[in-house]
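In what follows, a structure is listed as structure tokens, so that the remarks can point back to it.
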Amino acid sequence: MAYVPSHIAGNARWLTDKQRELIERASVLGREKFAPRAAKFDREAVFPFENYADLREAGLLGVCVPEAYGGLGCDFATYVMIAAEIGRHCGTTALTWNMHVSSSMWSGFIADSLEMTPQQRADHERCRAVHYERIVQQGKVYAQSFSEGGSAAAGKAPWGTVARKVDGGYVVNGKKIFASLAGAADVYGVLCTLDVPGATQRDSMYLSIPADSPGIRVYGDWDPLGMRGTVSRNLEFKEVFVGDEARMMPEGLYFQAAVRYPHMFATLSPTYMGLAQAAYDFTVQYLRGEVPGMPPVMRRMYPTKQVAVAEMRVKLEQTRALFLQNARDAQVDPDRDTRMRLYAAHYTIMENANDLARLAIRTCGGQSMLKSLPLERIYRDSRCGALMLPWTAELCIDRLGRECLYEPGEKDEVIE
Ligand SMILES: Cc1cc2nc3c(=O)[nH]c(=O)nc-3n(C[C@H](O)[C@H](O)[C@H](O)COP(=O)(O)OP(=O)(O)OC[C@H]3O[C@@H](n4cnc5c(N)ncnc54)[C@H](O)[C@@H]3O)c2cc1C
């Protein structure tokens, strides 16, 4: 009897039928299509277009598009579990899919939970109908260009990319770094600042810019350590015009979302939950002599291996517990404890994924890290999680430390 990997949600019995069915849909794609292709995208550092054709056919591009607009209407918990299941088979596909899905999640159930005037709400319905039609009917793929290399992506300064209001739309100027799906997406979701005197973070805007708009340039090399198939090259916007319908959220709403719905930034970690599970699954299969392409040599009888794998399982279950708690916690205006648990969960998933991959290589040994096997790719991919803004591992610790020690509004006296 071969090893049967556990369900990404641990005990699948508490899931809804819809959740079970969609996770299984992703699992079949992952096992049968994404995992066998992953080495090629990694080796060549090219975008997984074939996987996107499969996601499109499976209806998964519209996973967080509301049902009223023809999508699957998934909530936060359902999305993160599907994303983790995809990450288990191909980190690159899960991470890029997250960038795509965030566009409909942020403009979808997150925007629905925020305050808007009736006019803003009506305008938002009109704009998002355009984007959802593109995603659901036309199968278009959205990227999410956030990072700029300065303090904006860490949430500490206004975006350097600027949108100037003109008749019928905006003109965008600026640069983005590390834009996953650069050159592959049909539309770039772009975080920018509305060009008004004395603009602050409150003037942030979330615009979507068709990739074939005049004035967009994709540039720079892409030969990184991990997540190589994300093709996260740089983008330049020079006097790029977009119509009013480019608004993914009404003016001013992105800031409200960032403050009131912090789980919106926690959608990066499910990919790494999947990688954590993959590192563990590989180790068990390896020690049982069941890794395809390897001689069926068993190593499970050595007590040191049993201790090592038990410690990995403990770490995996600790990670999953926080991951699932976080999935259930997501809501507008979470209380302070929930927010702190969110930082703790995000940090734990990002750090433990790489630690589990490290332990997997240490436990399995030299042959396990050959490029012919997936573990060394999992090791490299998992290294990337803790680096991702706005919540790098460092910034989660910064936020958590401050919130642990200061009640809202508290400041220290300045000692001269
Ligand atoms: C595989 C991959 C895919 C990515 N895809 C995307 C994408 O699709 N879209 C996108 O927008 N970005 C993406 N990113 C970028 C990512 O989110 C980060 O913006 C990028 O890795 C930051 O680069 P850096 O570490 O050089 O940043 P730096 O700004 O140099 O920050 C370095 C570290 O310093 C700390 N730091 C930074 N600013 C502050 C501050 N103000 N105060 C205190 N500490 C601070 C943080 O811990 C940070 O990790 C991707 C990154 C990777 C690795």
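We label chains A, B, ... in the order they appear in the structure tokens, count residues from 1 in each chain, and number ligands from 1 in the order shown.
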
With only C-alpha atoms counted and 9 Å as the cut-off, give the residues of range 12-56 of chain A in contact with range 134-157 of chain A, each with its shortest interatomic distance in Å and the pair that gives it, as a Markdown table.
| residue | atom | partner | partner_atom | distance |
| --- | --- | --- | --- | --- |
| A:Tyr52 | CA | A:Val141 | CA | 8.5 |
| A:Ala53 | CA | A:Gly139 | CA | 8.8 |
| A:Arg56 | CA | A:Gly139 | CA | 6.1 |

Residues within 9 Å of ligand 1 (only C-alpha atoms and all ligand atoms), as JSON, numbers by chain? {"A": [92, 95, 96, 98, 99, 100, 143, 144, 145, 146, 147, 148, 149, 150, 151, 152, 153, 154, 155, 156, 157, 176, 177, 178, 179, 180, 181, 182, 190, 191, 224, 225, 226, 227, 228, 229, 230, 231, 232, 233, 381, 383, 384, 385, 386, 387, 388, 389, 390, 391, 392, 393, 394, 395, 396, 398]}

Selected residues written out with C-alpha atoms, as a PDB file, in the first residue's frame:
ATOM      1  CA  THR A  92       4.778  29.214  -9.463  1.00  0.00           C
ATOM      2  CA  LEU A  95       1.619  32.322  -6.636  1.00  0.00           C
ATOM      3  CA  THR A  96       0.776  33.817 -10.022  1.00  0.00           C
ATOM      4  CA  ASN A  98      -2.974  34.475  -6.448  1.00  0.00           C
ATOM      5  CA  MET A  99      -2.005  37.716  -8.213  1.00  0.00           C
ATOM      6  CA  HIS A 100      -4.773  37.091 -10.734  1.00  0.00           C
ATOM      7  CA  ALA A 143      -1.510  40.584 -12.747  1.00  0.00           C
ATOM      8  CA  GLN A 144      -1.032  42.629  -9.614  1.00  0.00           C
ATOM      9  CA  SER A 145       1.768  45.183  -9.745  1.00  0.00           C
ATOM     10  CA  PHE A 146       2.344  46.494  -6.280  1.00  0.00           C
ATOM     11  CA  SER A 147       6.066  46.674  -5.503  1.00  0.00           C
ATOM     12  CA  GLU A 148       8.174  49.651  -6.508  1.00  0.00           C
ATOM     13  CA  GLY A 149      11.425  49.147  -4.625  1.00  0.00           C
ATOM     14  CA  GLY A 150      10.730  52.004  -2.176  1.00  0.00           C
ATOM     15  CA  SER A 151       8.688  52.144   1.025  1.00  0.00           C
ATOM     16  CA  ALA A 152       5.243  52.158  -0.610  1.00  0.00           C
ATOM     17  CA  ALA A 153       4.828  48.388  -0.868  1.00  0.00           C
ATOM     18  CA  ALA A 154       5.663  48.108   2.836  1.00  0.00           C
ATOM     19  CA  GLY A 155       2.700  50.445   3.447  1.00  0.00           C
ATOM     20  CA  LYS A 156       4.926  53.294   4.656  1.00  0.00           C
ATOM     21  CA  ALA A 157       4.641  55.836   1.840  1.00  0.00           C
ATOM     22  CA  LYS A 176       6.887  48.614 -10.817  1.00  0.00           C
ATOM     23  CA  ILE A 177       9.419  45.942  -9.896  1.00  0.00           C
ATOM     24  CA  PHE A 178       8.893  42.208  -9.472  1.00  0.00           C
ATOM     25  CA  ALA A 179       5.610  42.141 -11.380  1.00  0.00           C
ATOM     26  CA  SER A 180       4.696  38.463 -11.600  1.00  0.00           C
ATOM     27  CA  LEU A 181       3.064  37.589 -14.945  1.00  0.00           C
ATOM     28  CA  ALA A 182       4.930  40.460 -16.642  1.00  0.00           C
ATOM     29  CA  VAL A 190      -1.649  48.648 -10.661  1.00  0.00           C
ATOM     30  CA  LEU A 191      -1.501  50.300  -7.260  1.00  0.00           C
ATOM     31  CA  PRO A 224      16.096  34.257  -9.811  1.00  0.00           C
ATOM     32  CA  LEU A 225      16.693  31.603  -7.158  1.00  0.00           C
ATOM     33  CA  GLY A 226      13.099  30.417  -6.921  1.00  0.00           C
ATOM     34  CA  MET A 227       9.554  30.919  -8.193  1.00  0.00           C
ATOM     35  CA  ARG A 228      11.188  31.147 -11.584  1.00  0.00           C
ATOM     36  CA  GLY A 229       8.050  30.592 -13.640  1.00  0.00           C
ATOM     37  CA  THR A 230       6.416  33.712 -12.165  1.00  0.00           C
ATOM     38  CA  VAL A 231       8.511  35.821 -14.597  1.00  0.00           C
ATOM     39  CA  SER A 232       8.362  38.793 -12.243  1.00  0.00           C
ATOM     40  CA  ARG A 233      10.054  41.379 -14.462  1.00  0.00           C
ATOM     41  CA  ASP A 381      10.549  28.309  -4.123  1.00  0.00           C
ATOM     42  CA  ARG A 383      12.687  30.604   0.294  1.00  0.00           C
ATOM     43  CA  CYS A 384      10.781  33.381  -1.501  1.00  0.00           C
ATOM     44  CA  GLY A 385       7.751  33.577   0.805  1.00  0.00           C
ATOM     45  CA  ALA A 386       9.314  35.508   3.669  1.00  0.00           C
ATOM     46  CA  LEU A 387      10.508  38.191   1.229  1.00  0.00           C
ATOM     47  CA  MET A 388       7.134  39.174  -0.092  1.00  0.00           C
ATOM     48  CA  LEU A 389       5.804  42.626   0.707  1.00  0.00           C
ATOM     49  CA  PRO A 390       3.755  44.083   2.263  1.00  0.00           C
ATOM     50  CA  TRP A 391       4.156  41.408   4.920  1.00  0.00           C
ATOM     51  CA  THR A 392       7.670  40.075   4.807  1.00  0.00           C
ATOM     52  CA  ALA A 393       8.641  37.937   7.781  1.00  0.00           C
ATOM     53  CA  GLU A 394      10.475  40.969   9.168  1.00  0.00           C
ATOM     54  CA  LEU A 395       7.509  43.292   8.800  1.00  0.00           C
ATOM     55  CA  CYS A 396       5.138  40.755  10.410  1.00  0.00           C
ATOM     56  CA  ASP A 398       7.668  44.498  13.452  1.00  0.00           C
TER      57      ASP A 398
END

Can you work out the spacing between CA of Asp203 in chain A and CA of Tyr170 in chain A in Å, to one decimal?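 If I compute the distance from CA of Asp203 in chain A to CA of Tyr170 in chain A, I get 13.9 Å.
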
When distances are computed from only C-alpha atoms, which of A:Gly243, A:Gly365, A:Gly274, A:Gly183 shows the smallest separation from Asp167 in chain A? A:Gly243

Residues near Arg402 in chain A, anyone? I mean within 12 Å using only C-alpha atoms, not counting same-chain ones fewer than 4 positions away, as an MDAnalysis selection string. chainID A and resid 336 340 343 395:398 406:412

From the DSSP assignment of the backbone, select every residue of range 151-385 of chain A that is strand (DSSP E), and format the answer as a PDB file with N, CA and C atoms, in the first residue's frame.
ATOM      1  N   VAL A 162       1.870  57.197 -10.409  1.00  0.00           N
ATOM      2  CA  VAL A 162       0.862  58.252 -10.232  1.00  0.00           C
ATOM      3  C   VAL A 162      -0.189  58.197 -11.343  1.00  0.00           C
ATOM      4  N   ALA A 163      -1.467  58.404 -10.955  1.00  0.00           N
ATOM      5  CA  ALA A 163      -2.568  58.457 -11.928  1.00  0.00           C
ATOM      6  C   ALA A 163      -3.117  59.875 -11.969  1.00  0.00           C
ATOM      7  N   ARG A 164      -3.025  60.479 -13.142  1.00  0.00           N
ATOM      8  CA  ARG A 164      -3.533  61.851 -13.308  1.00  0.00           C
ATOM      9  C   ARG A 164      -4.936  61.775 -13.900  1.00  0.00           C
ATOM     10  N   LYS A 165      -5.889  62.439 -13.238  1.00  0.00           N
ATOM     11  CA  LYS A 165      -7.275  62.398 -13.728  1.00  0.00           C
ATOM     12  C   LYS A 165      -7.370  63.237 -15.004  1.00  0.00           C
ATOM     13  N   VAL A 166      -7.936  62.655 -16.043  1.00  0.00           N
ATOM     14  CA  VAL A 166      -8.183  63.399 -17.290  1.00  0.00           C
ATOM     15  C   VAL A 166      -9.611  63.087 -17.733  1.00  0.00           C
ATOM     16  N   GLY A 169     -10.981  59.326 -17.905  1.00  0.00           N
ATOM     17  CA  GLY A 169     -10.109  58.300 -17.321  1.00  0.00           C
ATOM     18  C   GLY A 169      -8.908  58.859 -16.602  1.00  0.00           C
ATOM     19  N   TYR A 170      -7.796  58.169 -16.733  1.00  0.00           N
ATOM     20  CA  TYR A 170      -6.559  58.529 -16.018  1.00  0.00           C
ATOM     21  C   TYR A 170      -5.379  58.346 -16.959  1.00  0.00           C
ATOM     22  N   VAL A 171      -4.310  59.098 -16.657  1.00  0.00           N
ATOM     23  CA  VAL A 171      -3.036  58.862 -17.343  1.00  0.00           C
ATOM     24  C   VAL A 171      -2.042  58.424 -16.270  1.00  0.00           C
ATOM     25  N   VAL A 172      -1.431  57.269 -16.506  1.00  0.00           N
ATOM     26  CA  VAL A 172      -0.575  56.658 -15.479  1.00  0.00           C
ATOM     27  C   VAL A 172       0.892  56.760 -15.881  1.00  0.00           C
ATOM     28  N   ASN A 173       1.708  57.131 -14.883  1.00  0.00           N
ATOM     29  CA  ASN A 173       3.160  57.177 -15.067  1.00  0.00           C
ATOM     30  C   ASN A 173       3.823  56.523 -13.868  1.00  0.00           C
ATOM     31  N   GLY A 174       4.835  55.690 -14.109  1.00  0.00           N
ATOM     32  CA  GLY A 174       5.568  55.101 -12.986  1.00  0.00           C
ATOM     33  C   GLY A 174       6.239  53.799 -13.359  1.00  0.00           C
ATOM     34  N   LYS A 175       6.811  53.177 -12.331  1.00  0.00           N
ATOM     35  CA  LYS A 175       7.530  51.911 -12.536  1.00  0.00           C
ATOM     36  C   LYS A 175       7.167  50.932 -11.445  1.00  0.00           C
ATOM     37  N   LYS A 176       7.119  49.683 -11.796  1.00  0.00           N
ATOM     38  CA  LYS A 176       6.887  48.614 -10.817  1.00  0.00           C
ATOM     39  C   LYS A 176       7.993  47.591 -10.967  1.00  0.00           C
ATOM     40  N   ILE A 177       8.420  47.014  -9.829  1.00  0.00           N
ATOM     41  CA  ILE A 177       9.419  45.942  -9.896  1.00  0.00           C
ATOM     42  C   ILE A 177       8.737  44.624  -9.534  1.00  0.00           C
ATOM     43  N   PHE A 178       9.372  43.539  -9.886  1.00  0.00           N
ATOM     44  CA  PHE A 178       8.893  42.208  -9.472  1.00  0.00           C
ATOM     45  C   PHE A 178       7.415  42.000  -9.810  1.00  0.00           C
ATOM     46  N   ALA A 179       7.020  42.321 -11.005  1.00  0.00           N
ATOM     47  CA  ALA A 179       5.610  42.141 -11.380  1.00  0.00           C
ATOM     48  C   ALA A 179       5.432  40.737 -11.948  1.00  0.00           C
ATOM     49  N   VAL A 187      -3.943  41.892 -18.427  1.00  0.00           N
ATOM     50  CA  VAL A 187      -4.244  43.163 -17.765  1.00  0.00           C
ATOM     51  C   VAL A 187      -3.344  43.277 -16.526  1.00  0.00           C
ATOM     52  N   TYR A 188      -2.793  44.477 -16.309  1.00  0.00           N
ATOM     53  CA  TYR A 188      -1.999  44.704 -15.099  1.00  0.00           C
ATOM     54  C   TYR A 188      -2.826  45.492 -14.092  1.00  0.00           C
ATOM     55  N   GLY A 189      -3.080  44.902 -12.940  1.00  0.00           N
ATOM     56  CA  GLY A 189      -3.669  45.651 -11.836  1.00  0.00           C
ATOM     57  C   GLY A 189      -2.550  46.471 -11.223  1.00  0.00           C
ATOM     58  N   VAL A 190      -2.752  47.774 -11.081  1.00  0.00           N
ATOM     59  CA  VAL A 190      -1.649  48.648 -10.661  1.00  0.00           C
ATOM     60  C   VAL A 190      -2.075  49.486  -9.471  1.00  0.00           C
ATOM     61  N   LEU A 191      -1.284  49.424  -8.416  1.00  0.00           N
ATOM     62  CA  LEU A 191      -1.501  50.300  -7.260  1.00  0.00           C
ATOM     63  C   LEU A 191      -0.779  51.599  -7.533  1.00  0.00           C
ATOM     64  N   CYS A 192      -1.472  52.725  -7.381  1.00  0.00           N
ATOM     65  CA  CYS A 192      -0.857  54.011  -7.695  1.00  0.00           C
ATOM     66  C   CYS A 192      -1.499  55.100  -6.823  1.00  0.00           C
ATOM     67  N   THR A 193      -0.987  56.318  -6.958  1.00  0.00           N
ATOM     68  CA  THR A 193      -1.494  57.439  -6.164  1.00  0.00           C
ATOM     69  C   THR A 193      -2.209  58.410  -7.090  1.00  0.00           C
ATOM     70  N   LEU A 194      -3.399  58.832  -6.674  1.00  0.00           N
ATOM     71  CA  LEU A 194      -4.117  59.837  -7.451  1.00  0.00           C
ATOM     72  C   LEU A 194      -3.343  61.147  -7.348  1.00  0.00           C
ATOM     73  N   SER A 204      -4.526  56.454  -2.518  1.00  0.00           N
ATOM     74  CA  SER A 204      -4.129  55.288  -3.316  1.00  0.00           C
ATOM     75  C   SER A 204      -5.268  54.882  -4.242  1.00  0.00           C
ATOM     76  N   MET A 205      -4.889  54.367  -5.387  1.00  0.00           N
ATOM     77  CA  MET A 205      -5.890  53.876  -6.351  1.00  0.00           C
ATOM     78  C   MET A 205      -5.465  52.502  -6.837  1.00  0.00           C
ATOM     79  N   TYR A 206      -6.448  51.741  -7.236  1.00  0.00           N
ATOM     80  CA  TYR A 206      -6.179  50.413  -7.788  1.00  0.00           C
ATOM     81  C   TYR A 206      -6.802  50.405  -9.182  1.00  0.00           C
ATOM     82  N   LEU A 207      -5.940  50.542 -10.184  1.00  0.00           N
ATOM     83  CA  LEU A 207      -6.397  50.607 -11.574  1.00  0.00           C
ATOM     84  C   LEU A 207      -5.962  49.363 -12.330  1.00  0.00           C
ATOM     85  N   SER A 208      -6.723  49.001 -13.330  1.00  0.00           N
ATOM     86  CA  SER A 208      -6.299  47.869 -14.162  1.00  0.00           C
ATOM     87  C   SER A 208      -6.015  48.387 -15.566  1.00  0.00           C
ATOM     88  N   ILE A 209      -4.852  48.007 -16.074  1.00  0.00           N
ATOM     89  CA  ILE A 209      -4.391  48.571 -17.339  1.00  0.00           C
ATOM     90  C   ILE A 209      -4.160  47.433 -18.342  1.00  0.00           C
ATOM     91  N   PRO A 210      -4.912  47.417 -19.445  1.00  0.00           N
ATOM     92  CA  PRO A 210      -4.688  46.359 -20.437  1.00  0.00           C
ATOM     93  C   PRO A 210      -3.229  46.327 -20.879  1.00  0.00           C
ATOM     94  N   ILE A 216       3.330  51.057 -22.248  1.00  0.00           N
ATOM     95  CA  ILE A 216       3.768  50.069 -21.243  1.00  0.00           C
ATOM     96  C   ILE A 216       5.017  49.360 -21.771  1.00  0.00           C
ATOM     97  N   ARG A 217       5.987  49.216 -20.900  1.00  0.00           N
ATOM     98  CA  ARG A 217       7.203  48.490 -21.282  1.00  0.00           C
ATOM     99  C   ARG A 217       7.513  47.442 -20.203  1.00  0.00           C
ATOM    100  N   VAL A 218       7.793  46.231 -20.638  1.00  0.00           N
ATOM    101  CA  VAL A 218       8.265  45.174 -19.719  1.00  0.00           C
ATOM    102  C   VAL A 218       9.777  45.107 -19.904  1.00  0.00           C
ATOM    103  N   TYR A 219      10.520  45.187 -18.818  1.00  0.00           N
ATOM    104  CA  TYR A 219      11.977  45.203 -19.003  1.00  0.00           C
ATOM    105  C   TYR A 219      12.687  44.508 -17.839  1.00  0.00           C
ATOM    106  N   ARG A 233       9.177  40.313 -13.935  1.00  0.00           N
ATOM    107  CA  ARG A 233      10.054  41.379 -14.462  1.00  0.00           C
ATOM    108  C   ARG A 233       9.476  42.757 -14.106  1.00  0.00           C
ATOM    109  N   ASN A 234      10.150  43.789 -14.560  1.00  0.00           N
ATOM    110  CA  ASN A 234       9.739  45.154 -14.216  1.00  0.00           C
ATOM    111  C   ASN A 234       8.780  45.720 -15.263  1.00  0.00           C
ATOM    112  N   LEU A 235       7.974  46.665 -14.816  1.00  0.00           N
ATOM    113  CA  LEU A 235       7.022  47.324 -15.718  1.00  0.00           C
ATOM    114  C   LEU A 235       7.251  48.827 -15.663  1.00  0.00           C
ATOM    115  N   GLU A 236       7.131  49.449 -16.821  1.00  0.00           N
ATOM    116  CA  GLU A 236       7.197  50.916 -16.863  1.00  0.00           C
ATOM    117  C   GLU A 236       5.914  51.422 -17.525  1.00  0.00           C
ATOM    118  N   PHE A 237       5.341  52.471 -16.936  1.00  0.00           N
ATOM    119  CA  PHE A 237       4.138  53.095 -17.504  1.00  0.00           C
ATOM    120  C   PHE A 237       4.490  54.541 -17.859  1.00  0.00           C
ATOM    121  N   LYS A 238       4.411  54.860 -19.131  1.00  0.00           N
ATOM    122  CA  LYS A 238       4.745  56.239 -19.575  1.00  0.00           C
ATOM    123  C   LYS A 238       3.538  56.823 -20.269  1.00  0.00           C
ATOM    124  N   GLU A 239       2.873  57.760 -19.589  1.00  0.00           N
ATOM    125  CA  GLU A 239       1.690  58.421 -20.173  1.00  0.00           C
ATOM    126  C   GLU A 239       0.693  57.398 -20.717  1.00  0.00           C
ATOM    127  N   VAL A 240       0.382  56.406 -19.885  1.00  0.00           N
ATOM    128  CA  VAL A 240      -0.553  55.347 -20.306  1.00  0.00           C
ATOM    129  C   VAL A 240      -1.976  55.778 -19.954  1.00  0.00           C
ATOM    130  N   PHE A 241      -2.834  55.853 -20.970  1.00  0.00           N
ATOM    131  CA  PHE A 241      -4.222  56.259 -20.728  1.00  0.00           C
ATOM    132  C   PHE A 241      -5.087  55.028 -20.463  1.00  0.00           C
ATOM    133  N   VAL A 242      -5.933  55.132 -19.424  1.00  0.00           N
ATOM    134  CA  VAL A 242      -6.974  54.111 -19.199  1.00  0.00           C
ATOM    135  C   VAL A 242      -8.297  54.813 -18.940  1.00  0.00           C
ATOM    136  N   GLY A 243      -9.378  54.177 -19.364  1.00  0.00           N
ATOM    137  CA  GLY A 243     -10.708  54.751 -19.157  1.00  0.00           C
ATOM    138  C   GLY A 243     -11.143  54.623 -17.701  1.00  0.00           C
TER     139      GLY A 243
END

Residue list (alpha helix (DSSP H), DSSP) for range 118-363 of chain A, as a VMD selection string: chain A and resid 118 to 136 253 to 260 269 to 287 303 to 329 336 to 363

With C-alpha atoms retained, write the just-selected residues as a compact mmCIF listing (two decimals), in the first residue's frame.
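Output (out_18.txt):
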# COMPACT_ATOMS: atom_id res chain seq x y z
CA PRO A 118 -24.65 54.82 -3.15
CA GLN A 119 -23.01 56.58 -6.09
CA GLN A 120 -19.65 54.87 -5.47
CA ARG A 121 -21.39 51.52 -5.12
CA ALA A 122 -23.23 51.98 -8.42
CA ASP A 123 -20.04 53.08 -10.12
CA HIS A 124 -18.17 50.10 -8.69
CA GLU A 125 -20.81 47.68 -10.02
CA ARG A 126 -20.48 49.25 -13.47
CA CYS A 127 -16.66 49.03 -13.46
CA ARG A 128 -16.29 45.55 -12.01
CA ALA A 129 -18.82 44.15 -14.49
CA VAL A 130 -16.26 45.01 -17.19
CA HIS A 131 -13.46 43.12 -15.41
CA TYR A 132 -15.55 40.12 -14.46
CA GLU A 133 -16.80 39.78 -18.04
CA ARG A 134 -13.19 39.77 -19.22
CA ILE A 135 -12.22 37.11 -16.69
CA VAL A 136 -15.26 34.83 -16.88
CA LEU A 253 -11.36 52.67 -1.28
CA TYR A 254 -8.04 50.84 -1.45
CA PHE A 255 -6.86 52.65 1.68
CA GLN A 256 -10.06 51.72 3.50
CA ALA A 257 -9.61 48.09 2.42
CA ALA A 258 -5.98 47.96 3.59
CA VAL A 259 -6.95 49.31 7.01
CA ARG A 260 -10.21 47.43 7.54
CA SER A 269 0.79 32.54 2.19
CA PRO A 270 -1.49 29.71 0.92
CA THR A 271 1.02 29.00 -1.86
CA TYR A 272 3.62 28.41 0.83
CA MET A 273 1.26 26.27 2.91
CA GLY A 274 1.10 24.06 -0.18
CA LEU A 275 4.90 23.99 -0.45
CA ALA A 276 5.17 23.02 3.23
CA GLN A 277 2.83 20.10 2.62
CA ALA A 278 4.76 19.14 -0.51
CA ALA A 279 8.08 19.04 1.37
CA TYR A 280 6.55 16.76 3.99
CA ASP A 281 4.83 14.51 1.42
CA PHE A 282 8.09 14.12 -0.47
CA THR A 283 9.95 13.13 2.69
CA VAL A 284 7.47 10.42 3.62
CA GLN A 285 7.45 9.02 0.09
CA TYR A 286 11.24 9.12 -0.04
CA LEU A 287 11.74 7.34 3.27
CA PRO A 303 15.00 5.72 14.39
CA THR A 304 16.65 9.04 13.47
CA LYS A 305 14.50 9.24 10.33
CA GLN A 306 11.37 8.54 12.38
CA VAL A 307 12.25 11.31 14.81
CA ALA A 308 13.02 13.71 11.96
CA VAL A 309 9.78 13.02 10.14
CA ALA A 310 7.77 13.25 13.37
CA GLU A 311 9.28 16.68 14.02
CA MET A 312 8.40 17.70 10.48
CA ARG A 313 4.83 16.53 11.00
CA VAL A 314 4.55 18.56 14.20
CA LYS A 315 5.75 21.66 12.34
CA LEU A 316 3.41 20.96 9.43
CA GLU A 317 0.37 20.57 11.71
CA GLN A 318 1.28 23.74 13.63
CA THR A 319 1.45 25.55 10.31
CA ARG A 320 -1.83 24.08 9.06
CA ALA A 321 -3.63 24.92 12.31
CA LEU A 322 -2.75 28.60 12.00
CA PHE A 323 -3.46 28.54 8.26
CA LEU A 324 -6.99 27.19 8.85
CA GLN A 325 -7.66 29.48 11.80
CA ASN A 326 -6.65 32.39 9.62
CA ALA A 327 -8.94 31.18 6.83
CA ARG A 328 -11.88 31.17 9.24
CA ASP A 329 -10.94 34.53 10.83
CA ARG A 336 -6.88 43.26 17.60
CA ASP A 337 -6.27 39.65 18.64
CA THR A 338 -7.42 38.42 15.26
CA ARG A 339 -5.06 40.84 13.53
CA MET A 340 -2.15 39.69 15.68
CA ARG A 341 -3.02 36.06 14.96
CA LEU A 342 -3.04 36.95 11.28
CA TYR A 343 0.54 38.28 11.44
CA ALA A 344 1.56 35.21 13.43
CA ALA A 345 -0.07 32.89 10.90
CA HIS A 346 1.40 34.60 7.86
CA TYR A 347 4.87 34.65 9.43
CA THR A 348 4.63 31.02 10.52
CA ILE A 349 3.54 29.75 7.12
CA MET A 350 6.25 31.67 5.24
CA GLU A 351 9.05 30.67 7.62
CA ASN A 352 7.94 27.08 8.22
CA ALA A 353 7.57 26.30 4.52
CA ASN A 354 11.25 26.92 3.97
CA ASP A 355 12.21 25.24 7.22
CA LEU A 356 10.26 22.11 6.29
CA ALA A 357 11.99 22.05 2.90
CA ARG A 358 15.35 22.40 4.66
CA LEU A 359 14.51 19.57 7.04
CA ALA A 360 13.29 17.45 4.14
CA ILE A 361 16.65 17.68 2.38
CA ARG A 362 18.55 17.09 5.61
CA THR A 363 16.43 14.03 6.40

Atom-to-atom span, CA of Ser368 in chain A and CA of Ala9 in chain A, Å: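 Atom-to-atom, CA of Ser368 in chain A to CA of Ala9 in chain A, that is 26.6 Å.
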
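In terms of minimum interatomic distance to Tyr302 in chain A, A:Cys364 ranks closest within A:Ser27, A:Met249, A:Thr16, A:Cys364, counting only C-alpha atoms.
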
I want to know what sits within 7 Å of range 24-26 of chain A, based on only C-alpha atoms, with residues of the same chain fewer than 2 positions away left out; could you give that as a list in words?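 Neighbouring residues, sequence-local ones excluded: Arg20, Glu21, Leu22, Val28, Leu29, Gly30, Ile82, Glu85 and Ile86 of chain A.
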
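The coordinates place CA of His263 in chain A at 7.5 Å from CA of Gln331 in chain A.
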
Which of A:Gln201, A:Cys90, A:Phe49, A:Trp14 sits closest to Pro36 in chain A [using only C-alpha atoms]: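 Closest residue, counting only C-alpha atoms: A:Cys90.
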